[in-house]
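Source file: target_4.cif (mmCIF, C-alpha atoms)
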data_data
loop_
_atom_site.label_atom_id
_atom_site.label_comp_id
_atom_site.auth_asym_id
_atom_site.auth_seq_id
_atom_site.Cartn_x
_atom_site.Cartn_y
_atom_site.Cartn_z
CA MET A 153 2.26 -26.94 15.10
CA PRO A 154 0.69 -26.30 11.69
CA ILE A 155 -2.14 -23.76 11.56
CA ASN A 156 -4.84 -23.98 8.92
CA ARG A 157 -5.92 -20.86 7.11
CA ASN A 158 -9.35 -20.65 8.78
CA ALA A 159 -7.82 -20.77 12.26
CA LEU A 160 -5.30 -18.09 11.33
CA ILE A 161 -8.12 -15.85 10.06
CA ARG A 162 -9.95 -16.32 13.37
CA TYR A 163 -6.81 -15.55 15.41
CA ARG A 164 -6.16 -12.38 13.43
CA THR A 165 -9.81 -11.34 13.74
CA ILE A 166 -9.84 -11.83 17.51
CA ASP A 167 -6.52 -10.02 17.79
CA LYS A 168 -7.78 -7.04 15.79
CA ALA A 169 -10.97 -6.90 17.84
CA LEU A 170 -9.20 -6.96 21.20
CA GLN A 171 -6.86 -4.16 20.10
CA ASN A 172 -9.93 -1.96 19.68
CA ARG A 173 -10.20 -0.38 23.13
CA TYR A 174 -13.21 1.73 22.13
CA ARG A 175 -15.57 -1.23 22.13
CA LYS A 176 -16.44 -3.93 24.66
CA TRP A 177 -16.27 -7.41 23.14
CA THR A 178 -18.45 -10.23 24.43
CA LEU A 179 -17.88 -13.80 23.34
CA ASP A 180 -20.90 -13.52 21.03
CA ASP A 181 -19.36 -10.40 19.46
CA LEU A 182 -16.13 -12.29 18.77
CA ILE A 183 -18.08 -15.21 17.31
CA ASP A 184 -19.90 -12.84 14.94
CA ALA A 185 -16.65 -11.13 13.95
CA CYS A 186 -14.96 -14.46 13.17
CA SER A 187 -17.99 -15.66 11.19
CA ASP A 188 -17.99 -12.45 9.14
CA ALA A 189 -14.24 -12.71 8.49
CA LEU A 190 -14.47 -16.32 7.30
CA TYR A 191 -17.32 -15.40 4.97
CA GLU A 192 -15.39 -12.42 3.59
CA TYR A 193 -12.08 -14.19 3.02
CA GLN A 194 -13.11 -17.82 2.50
CA GLY A 195 -16.76 -17.66 1.43
CA ILE A 196 -17.76 -19.83 4.42
CA ASN A 197 -21.26 -18.93 5.56
CA THR A 198 -21.91 -21.69 8.12
CA GLY A 199 -20.75 -19.53 11.00
CA VAL A 200 -18.37 -20.32 13.83
CA SER A 201 -19.34 -22.29 16.91
CA ARG A 202 -19.02 -21.00 20.45
CA ARG A 203 -16.70 -23.88 21.32
CA THR A 204 -14.38 -23.04 18.39
CA VAL A 205 -13.87 -19.41 19.46
CA GLN A 206 -13.38 -20.42 23.08
CA ALA A 207 -10.71 -22.90 21.94
CA ASP A 208 -9.12 -20.18 19.80
CA ILE A 209 -8.87 -17.86 22.81
CA GLU A 210 -7.24 -20.59 24.90
CA MET A 211 -4.84 -21.37 22.06
CA MET A 212 -3.88 -17.70 21.81
CA ARG A 213 -3.36 -17.54 25.58
CA SER A 214 -1.07 -20.56 25.53
CA ASN A 215 2.52 -20.87 24.37
CA LYS A 216 1.75 -23.51 21.74
CA LEU A 217 1.89 -20.93 18.97
CA GLY A 218 4.22 -18.57 20.82
CA TYR A 219 1.49 -15.98 21.33
CA GLU A 220 0.92 -16.05 25.10
CA ALA A 221 -1.76 -13.44 24.53
CA PRO A 222 -2.76 -11.62 27.77
CA ILE A 223 -6.49 -12.05 27.16
CA VAL A 224 -8.57 -11.21 30.24
CA VAL A 225 -12.30 -11.06 30.96
CA MET A 226 -13.67 -7.84 32.44
CA ASP A 227 -16.84 -7.85 34.54
CA LYS A 228 -17.13 -11.59 33.80
CA LYS A 229 -18.34 -10.69 30.31
CA TYR A 230 -16.05 -8.55 28.16
CA TYR A 231 -12.83 -9.78 26.55
CA THR A 232 -9.81 -7.52 26.13
CA TYR A 233 -6.00 -7.46 26.21
CA GLU A 234 -4.56 -6.69 29.63
CA ASP A 235 -1.65 -5.04 27.80
CA LYS A 236 -3.20 -2.41 25.52
CA ASN A 237 -0.15 -2.51 23.22
CA PHE A 238 -0.20 -6.27 22.71
CA SER A 239 -0.81 -7.87 19.31
CA ILE A 240 0.01 -11.33 18.02
CA THR A 241 1.57 -9.60 15.01
CA ASN A 242 4.29 -8.23 17.31
CA ILE A 243 5.42 -11.67 18.49
CA PRO A 244 9.16 -12.32 17.92
CA LEU A 245 10.05 -14.99 15.38
CA ASN A 246 10.86 -18.46 16.70
CA GLN A 247 13.86 -20.53 15.67
CA GLN A 248 11.97 -22.41 12.96
CA ASP A 249 10.74 -19.12 11.47
CA MET A 250 14.29 -17.77 11.57
CA GLN A 251 15.61 -20.81 9.73
CA VAL A 252 12.97 -20.49 7.01
CA LEU A 253 13.68 -16.76 6.60
CA SER A 254 17.43 -17.33 6.48
CA GLU A 255 17.00 -19.94 3.74
CA ALA A 256 14.69 -17.62 1.82
CA ALA A 257 17.19 -14.75 2.08
CA THR A 258 20.01 -16.99 0.86
CA LEU A 259 17.93 -18.08 -2.12
CA LEU A 260 16.87 -14.55 -3.06
CA LYS A 261 20.44 -13.22 -2.82
CA GLN A 262 21.38 -15.45 -5.75
CA PHE A 263 19.22 -13.28 -8.02
CA LYS A 264 20.38 -9.85 -6.83
CA GLY A 265 22.88 -9.44 -9.63
CA PHE A 266 20.38 -10.00 -12.46
CA SER A 267 18.78 -6.94 -14.06
CA ASP A 268 15.35 -8.61 -14.19
CA PHE A 269 15.42 -9.00 -10.42
CA MET A 270 16.70 -5.57 -9.36
CA GLY A 271 13.52 -5.07 -7.39
CA LEU A 272 14.60 -7.89 -5.07
CA ASN A 273 17.49 -5.88 -3.64
CA GLU A 274 15.35 -3.89 -1.20
CA MET A 275 13.31 -6.97 -0.31
CA VAL A 276 16.43 -8.98 0.53
CA SER A 277 17.84 -6.09 2.57
CA LYS A 278 14.62 -5.86 4.57
CA LEU A 279 14.63 -9.61 5.15
CA GLU A 280 18.26 -9.73 6.22
CA ASP A 281 17.77 -6.77 8.56
CA LYS A 282 14.79 -8.49 10.18
CA ILE A 283 16.82 -11.68 10.67
CA TYR A 284 19.74 -9.70 12.14
CA THR A 285 17.45 -7.84 14.55
CA GLN A 286 15.82 -11.05 15.76
CA LYS A 287 19.10 -12.91 16.20
CA THR A 288 20.92 -10.14 18.05
CA GLN A 289 17.87 -8.66 19.82
CA GLY A 290 19.40 -5.33 18.87
CA ALA A 291 18.17 -2.27 17.06
CA PRO A 292 17.62 -2.54 13.28
CA VAL A 293 20.45 -1.20 11.13
CA ILE A 294 18.14 -0.15 8.28
CA ASP A 295 15.12 2.13 8.75
CA PHE A 296 12.87 1.67 5.73
CA GLU A 297 10.10 4.11 4.94
CA LYS A 298 6.81 2.76 6.21
CA ASN A 299 3.40 3.87 7.41
CA ASP A 300 1.88 1.43 9.88
CA ASN A 301 -1.41 3.36 9.97
CA LEU A 302 -1.96 3.21 6.21
CA LYS A 303 -5.45 2.01 5.34
CA GLY A 304 -6.32 -0.49 2.62
CA LEU A 305 -3.27 -2.75 2.84
CA GLU A 306 -5.51 -5.66 3.78
CA TYR A 307 -6.97 -5.59 0.24
CA ILE A 308 -3.65 -6.08 -1.60
CA GLU A 309 -3.59 -9.88 -1.55
CA GLY A 310 -7.24 -10.21 -2.57
CA ILE A 311 -6.76 -7.82 -5.48
CA ARG A 312 -3.56 -9.57 -6.56
CA LYS A 313 -5.36 -12.91 -6.67
CA ALA A 314 -8.24 -11.37 -8.63
CA ILE A 315 -5.77 -10.00 -11.22
CA VAL A 316 -4.05 -13.38 -11.61
CA SER A 317 -7.32 -15.33 -11.83
CA GLN A 318 -9.07 -12.61 -13.88
CA THR A 319 -11.93 -12.34 -11.42
CA THR A 320 -14.38 -9.44 -11.29
CA LEU A 321 -14.53 -7.55 -8.01
CA CYS A 322 -17.48 -5.79 -6.45
CA ILE A 323 -15.97 -2.69 -4.84
CA THR A 324 -17.49 -0.18 -2.46
CA TYR A 325 -15.51 3.01 -2.89
CA GLN A 326 -15.68 6.60 -1.68
CA SER A 327 -13.28 9.17 -3.05
CA PHE A 328 -12.33 12.20 -0.97
CA LYS A 329 -14.69 14.34 -3.06
CA ALA A 330 -17.69 12.01 -2.92
CA ARG A 331 -20.42 12.57 -0.35
CA ALA A 332 -21.33 8.90 -0.18
CA PRO A 333 -19.74 5.57 -1.15
CA ASN A 334 -20.50 3.95 -4.48
CA THR A 335 -20.57 0.21 -5.24
CA PHE A 336 -19.66 -1.10 -8.70
CA CYS A 337 -18.09 -4.02 -10.56
CA PHE A 338 -14.41 -3.63 -11.40
CA SER A 339 -11.88 -5.61 -13.44
CA PRO A 340 -8.42 -5.10 -11.85
CA TYR A 341 -5.28 -5.15 -14.01
CA MET A 342 -2.34 -3.99 -11.90
CA LEU A 343 -1.37 -2.87 -8.40
CA LYS A 344 0.76 0.27 -8.13
CA GLU A 345 2.62 1.78 -5.17
CA TYR A 346 3.53 5.46 -5.02
CA ARG A 347 5.02 7.12 -1.95
CA ASN A 348 3.93 4.30 0.34
CA ARG A 349 0.33 4.51 -0.89
CA TRP A 350 -1.27 1.75 -2.96
CA PHE A 351 -3.54 1.96 -6.02
CA VAL A 352 -5.21 -0.54 -8.32
CA LEU A 353 -5.45 0.16 -12.04
CA GLY A 354 -8.41 -1.35 -13.80
CA ARG A 355 -11.70 -0.75 -15.52
CA SER A 356 -15.09 -0.13 -13.96
CA HIS A 357 -18.00 -1.96 -15.57
CA LEU A 358 -20.03 1.23 -15.76
CA ARG A 359 -20.99 2.18 -19.31
CA ASN A 360 -18.09 3.57 -21.39
CA ALA A 361 -15.83 3.52 -18.33
CA GLN A 362 -12.18 4.29 -18.99
CA LEU A 363 -9.09 2.99 -17.23
CA GLN A 364 -8.96 4.35 -13.70
CA ASN A 365 -6.88 4.23 -10.56
CA LEU A 366 -8.53 3.44 -7.25
CA ALA A 367 -6.72 4.30 -4.03
CA LEU A 368 -6.83 1.30 -1.70
CA ASP A 369 -7.25 3.56 1.33
CA ARG A 370 -10.57 4.79 -0.10
CA ILE A 371 -11.97 1.27 -0.57
CA GLN A 372 -14.55 0.29 2.04
CA ALA A 373 -15.27 -3.27 0.93
CA ILE A 374 -14.22 -5.78 -1.73
CA GLU A 375 -15.94 -8.99 -2.74
CA GLU A 376 -15.43 -11.36 -5.65
CA THR A 377 -18.49 -11.62 -7.87
CA ALA A 378 -19.68 -13.81 -10.71
CA ALA A 379 -22.54 -11.46 -11.53
CA GLU A 380 -20.51 -9.89 -14.36
CA ALA A 381 -17.76 -11.42 -16.46
CA TYR A 382 -14.20 -10.15 -16.07
CA ARG A 383 -13.22 -7.68 -18.78
CA PRO A 384 -9.61 -8.39 -19.83
CA ASN A 385 -7.21 -5.58 -20.60
CA THR A 386 -6.94 -4.92 -24.33
CA GLY A 387 -4.81 -2.38 -26.12
CA VAL A 388 -2.89 -1.08 -23.08
CA ASP A 389 0.72 -2.08 -22.45
CA LEU A 390 0.69 -2.29 -18.68
CA ALA A 391 4.46 -2.70 -18.52
CA LYS A 392 4.85 0.80 -19.99
CA TYR A 393 1.65 2.45 -18.76
CA TYR A 394 3.36 4.44 -16.00
CA SER A 395 6.66 5.02 -17.82
CA ASP A 396 5.72 8.60 -18.80
CA VAL A 397 4.23 9.71 -15.50
CA ILE A 398 5.35 10.81 -12.05
CA GLY A 399 2.87 9.30 -9.61
CA VAL A 400 -0.32 7.58 -10.75
CA THR A 401 -2.61 10.27 -12.17
CA LYS A 402 -3.08 9.74 -15.88
CA SER A 403 -6.04 10.25 -18.19
CA PRO A 404 -6.72 8.04 -21.23
CA GLY A 405 -5.25 9.62 -24.34
CA GLN A 406 -3.18 12.12 -22.36
CA ARG A 407 0.18 12.74 -24.04
CA ASP A 408 3.50 13.54 -22.47
CA CYS A 409 5.43 16.74 -23.07
CA GLU A 410 8.88 18.15 -22.38
CA VAL A 411 9.14 19.85 -19.01
CA VAL A 412 12.15 22.19 -18.70
CA PHE A 413 13.28 23.68 -15.41
CA TRP A 414 16.21 25.47 -13.80
CA ILE A 415 17.47 24.51 -10.34
CA ASP A 416 20.14 26.24 -8.26
CA ASN A 417 23.65 24.91 -7.72
CA ASP A 418 22.93 23.79 -4.16
CA ASN A 419 20.14 21.41 -5.21
CA ALA A 420 21.35 20.34 -8.66
CA PRO A 421 23.53 17.52 -7.23
CA TYR A 422 20.44 15.95 -5.67
CA LEU A 423 18.76 15.75 -9.05
CA ILE A 424 21.90 14.37 -10.67
CA THR A 425 22.10 11.53 -8.15
CA LYS A 426 18.33 11.01 -7.94
CA PRO A 427 16.56 12.13 -11.15
CA LEU A 428 12.94 13.23 -10.96
CA HIS A 429 12.17 10.83 -13.81
CA ALA A 430 13.95 8.25 -15.95
CA SER A 431 13.78 10.62 -18.93
CA GLN A 432 15.70 13.40 -17.15
CA LYS A 433 18.43 15.12 -19.19
CA LEU A 434 20.92 17.86 -18.34
CA LEU A 435 20.48 20.55 -20.99
CA SER A 436 22.95 23.18 -19.84
CA THR A 437 25.05 24.44 -16.95
CA GLU A 438 24.59 28.05 -15.88
CA ALA A 439 26.61 30.19 -13.48
CA ASP A 440 23.95 29.93 -10.78
CA GLY A 441 22.45 26.52 -11.55
CA MET A 442 21.60 23.84 -14.10
CA ILE A 443 18.77 23.39 -16.60
CA PHE A 444 17.16 19.95 -16.87
CA SER A 445 14.34 18.43 -18.87
CA ILE A 446 12.03 15.49 -18.33
CA ARG A 447 9.37 14.08 -20.63
CA VAL A 448 6.24 13.31 -18.63
CA ILE A 449 2.51 13.83 -18.44
CA LEU A 450 1.34 16.96 -16.65
CA ASN A 451 -0.45 15.99 -13.45
CA PHE A 452 -0.91 16.81 -9.78
CA GLU A 453 2.01 14.68 -8.60
CA LEU A 454 4.42 16.46 -10.98
CA GLU A 455 3.33 19.85 -9.65
CA ARG A 456 3.75 18.68 -6.06
CA GLU A 457 7.24 17.35 -6.84
CA LEU A 458 8.32 20.65 -8.37
CA LEU A 459 6.72 22.76 -5.63
CA GLY A 460 8.67 20.74 -3.07
CA PHE A 461 11.85 22.57 -4.12
CA GLY A 462 10.27 25.94 -3.25
CA PRO A 463 12.40 28.90 -4.37
CA LYS A 464 15.25 26.64 -5.45
CA ILE A 465 13.60 25.80 -8.77
CA LYS A 466 12.06 27.67 -11.70
CA VAL A 467 9.87 26.04 -14.34
CA LEU A 468 10.75 27.29 -17.80
CA GLY A 469 8.23 25.32 -19.84
CA PRO A 470 5.74 24.36 -21.02
CA ARG A 471 3.77 27.57 -20.60
CA LEU A 472 0.72 25.80 -19.16
CA LEU A 473 2.73 24.19 -16.35
CA ARG A 474 4.68 27.38 -15.68
CA LYS A 475 1.42 29.32 -15.29
CA SER A 476 -0.05 26.66 -12.99
CA ILE A 477 3.01 26.65 -10.71
CA LYS A 478 3.00 30.46 -10.63
CA ASN A 479 -0.67 30.53 -9.59
CA LEU A 480 -0.14 27.92 -6.90
CA LEU A 481 2.79 29.83 -5.43
CA ALA A 482 0.80 33.07 -5.47
CA LYS A 483 -2.06 31.33 -3.66
CA ALA A 484 0.36 29.89 -1.11
CA LEU A 485 1.88 33.34 -0.52
CA GLY A 486 -1.61 34.71 0.01
CA HIS A 487 -2.03 32.47 3.04
CA TYR A 488 0.76 34.38 4.77
CA MET A 489 -0.33 37.92 3.81
CA ALA A 490 -3.17 38.19 6.32
#
Encoded form (structure tokens):
Amino acid sequence: MPINRNALIRYRTIDKALQNRYRKWTLDDLIDACSDALYEYQGINTGVSRRTVQADIEMMRSNKLGYEAPIVVMDKKYYTYEDKNFSITNIPLNQQDMQVLSEAATLLKQFKGFSDFMGLNEMVSKLEDKIYTQKTQGAPVIDFEKNDNLKGLEYIEGIRKAIVSQTTLCITYQSFKARAPNTFCFSPYMLKEYRNRWFVLGRSHLRNAQLQNLALDRIQAIEETAAEAYRPNTGVDLAKYYSDVIGVTKSPGQRDCEVVFWIDNDNAPYLITKPLHASQKLLSTEADGMIFSIRVILNFELERELLGFGPKIKVLGPRLLRKSIKNLLAKALGHYMA
């Protein structure tokens, strides 16, 4: 049975609400939540009728969509899931879904050998593992890194569409250092993932604003706006913007430099098989270790990467980075001196 987009938004909204065990949901609450969701995602401001939400609940309870949601009414008033761990997003795939996924996997595998599509390899592996798990009802054979509790993932598709259509976004954002959220217009240029966390690179419409990264998990709300025209990217090669950086932290005009470090013989093989950066070079082999270099911008993520090796590594240059690492290690040691 085909499902239109509005119905799917309502189902997902009801599902998310009923998973929230810290609030009691009346039918009117669910109607308001669905109306808000349709306005946010579809721009529909006519609201949702009582009959529509009641029909949605019955549809979710039935087997027509494969949900069979255990929705119960408490005290003849409040809706909830009888099984606190239930979610329609955990429903196993049906045969039609499996067929579609199998066809998609077969199609994508044809591109795995091409250099321009190297990024598809992991995607195809994930897809094939999901198909295998569903068919055999067994345990997955690949455990990919993931964080199911990561915030902000719901904004990815909206931001992607805004980038493609060159649409200005009105973003409410609160950094970890800010005392209160701030709302501003923003022209998005590119989405970036680093260590399972997502960022959007773009330009705020505040006066003289430079390129900046916004962490999606710090965004509180996003809305398309026609109040200000989209400001296209000019003068920045986005394909190469992150080529000289580990992570995402980069200031406009910041220049890369050569970072030289020694690492002991036990850990050197790890860097040979998995370089810290694409620019990594082996400079020399010592009796007790190896000396490497990378050419990157100095930032927080670089320091964190180097500190992760603890006493197994020694930064030789540049002097500024060496001093910073030394101070951080001294501060860390101080925590254990008391």
Within 7 Å of (-5.8, -13.4, 28.8) in the file's own coordinates, which protein, DNA or RNA residues have an atom, counting all atoms listed in the file? List them as a list in words.
Arg213, Ala221, Pro222, Ile223, Val224, Tyr233 and Glu234 of chain A
May I ask for the distance between CA of Gly399 (chain A) and CA of Met442 (chain A), given in Å to one decimal place?
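Calculated distance between CA of Gly399 (chain A) and CA of Met442 (chain A) is 24.1 Å.
Distances here use all atoms listed in the file; by that measure, the residue among A:Asn215, A:Asn172, A:Thr437, A:Ser403 closest to Ser239 (chain A) is A:Asn172.
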Please provide the set of residues having any atom within 8 Å of Asp184 (chain A), restricted to only C-alpha atoms, with same-chain residues fewer than 3 positions apart removed, written as a ChimeraX atom specification.
/A:180-181,187-188,199-200
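For Val352 (chain A), the non-local neighbours within 6 Å, defined as residues at least 3 positions apart in the same chain or in other chains and counting only C-alpha atoms, are A:Met342, A:Leu343, A:Asn365, A:Leu366.
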Starting from the incomplete input, reconstruct N, CA and C atoms of region 165-185 of chain A and report them as a JSON list (two decimals), keeping the file's coordinate frame.
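Result written to result-v9.json:
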[["chain", "number", "residue", "atom", "x", "y", "z"],
["A", 165, "THR", "N", -8.57, -12.10, 13.50],
["A", 165, "THR", "CA", -9.81, -11.34, 13.74],
["A", 165, "THR", "C", -9.98, -11.04, 15.22],
["A", 166, "ILE", "N", -9.75, -12.03, 16.06],
["A", 166, "ILE", "CA", -9.84, -11.83, 17.51],
["A", 166, "ILE", "C", -8.80, -10.82, 17.96],
["A", 167, "ASP", "N", -7.60, -10.94, 17.43],
["A", 167, "ASP", "CA", -6.52, -10.02, 17.79],
["A", 167, "ASP", "C", -6.88, -8.58, 17.43],
["A", 168, "LYS", "N", -7.40, -8.38, 16.22],
["A", 168, "LYS", "CA", -7.78, -7.04, 15.79],
["A", 168, "LYS", "C", -8.90, -6.48, 16.65],
["A", 169, "ALA", "N", -9.85, -7.35, 17.01],
["A", 169, "ALA", "CA", -10.97, -6.90, 17.84],
["A", 169, "ALA", "C", -10.49, -6.47, 19.22],
["A", 170, "LEU", "N", -9.64, -7.26, 19.84],
["A", 170, "LEU", "CA", -9.20, -6.96, 21.20],
["A", 170, "LEU", "C", -8.25, -5.76, 21.26],
["A", 171, "GLN", "N", -7.67, -5.38, 20.13],
["A", 171, "GLN", "CA", -6.86, -4.16, 20.10],
["A", 171, "GLN", "C", -7.73, -2.91, 20.10],
["A", 172, "ASN", "N", -8.99, -3.08, 19.72],
["A", 172, "ASN", "CA", -9.93, -1.96, 19.68],
["A", 172, "ASN", "C", -10.44, -1.68, 21.09],
["A", 173, "ARG", "N", -9.86, -0.69, 21.74],
["A", 173, "ARG", "CA", -10.20, -0.38, 23.13],
["A", 173, "ARG", "C", -11.47, 0.46, 23.26],
["A", 174, "TYR", "N", -12.03, 0.87, 22.10],
["A", 174, "TYR", "CA", -13.21, 1.73, 22.13],
["A", 174, "TYR", "C", -14.52, 0.92, 22.12],
["A", 175, "ARG", "N", -14.38, -0.39, 22.13],
["A", 175, "ARG", "CA", -15.57, -1.23, 22.13],
["A", 175, "ARG", "C", -15.38, -2.38, 23.12],
["A", 176, "LYS", "N", -16.47, -2.77, 23.77],
["A", 176, "LYS", "CA", -16.44, -3.93, 24.66],
["A", 176, "LYS", "C", -16.87, -5.16, 23.89],
["A", 177, "TRP", "N", -16.05, -6.22, 23.96],
["A", 177, "TRP", "CA", -16.27, -7.41, 23.14],
["A", 177, "TRP", "C", -16.74, -8.58, 24.02],
["A", 178, "THR", "N", -17.96, -9.01, 23.78],
["A", 178, "THR", "CA", -18.45, -10.23, 24.43],
["A", 178, "THR", "C", -18.03, -11.43, 23.58],
["A", 179, "LEU", "N", -18.20, -12.60, 24.10],
["A", 179, "LEU", "CA", -17.88, -13.80, 23.34],
["A", 179, "LEU", "C", -18.74, -13.88, 22.08],
["A", 180, "ASP", "N", -20.01, -13.51, 22.20],
["A", 180, "ASP", "CA", -20.90, -13.52, 21.03],
["A", 180, "ASP", "C", -20.42, -12.54, 19.98],
["A", 181, "ASP", "N", -19.90, -11.38, 20.41],
["A", 181, "ASP", "CA", -19.36, -10.40, 19.46],
["A", 181, "ASP", "C", -18.17, -10.99, 18.69],
["A", 182, "LEU", "N", -17.30, -11.69, 19.40],
["A", 182, "LEU", "CA", -16.13, -12.29, 18.77],
["A", 182, "LEU", "C", -16.54, -13.41, 17.81],
["A", 183, "ILE", "N", -17.57, -14.16, 18.18],
["A", 183, "ILE", "CA", -18.08, -15.21, 17.31],
["A", 183, "ILE", "C", -18.61, -14.61, 16.00],
["A", 184, "ASP", "N", -19.37, -13.52, 16.13],
["A", 184, "ASP", "CA", -19.90, -12.84, 14.94],
["A", 184, "ASP", "C", -18.78, -12.29, 14.07],
["A", 185, "ALA", "N", -17.78, -11.70, 14.70],
["A", 185, "ALA", "CA", -16.65, -11.13, 13.95],
["A", 185, "ALA", "C", -15.90, -12.21, 13.19]]
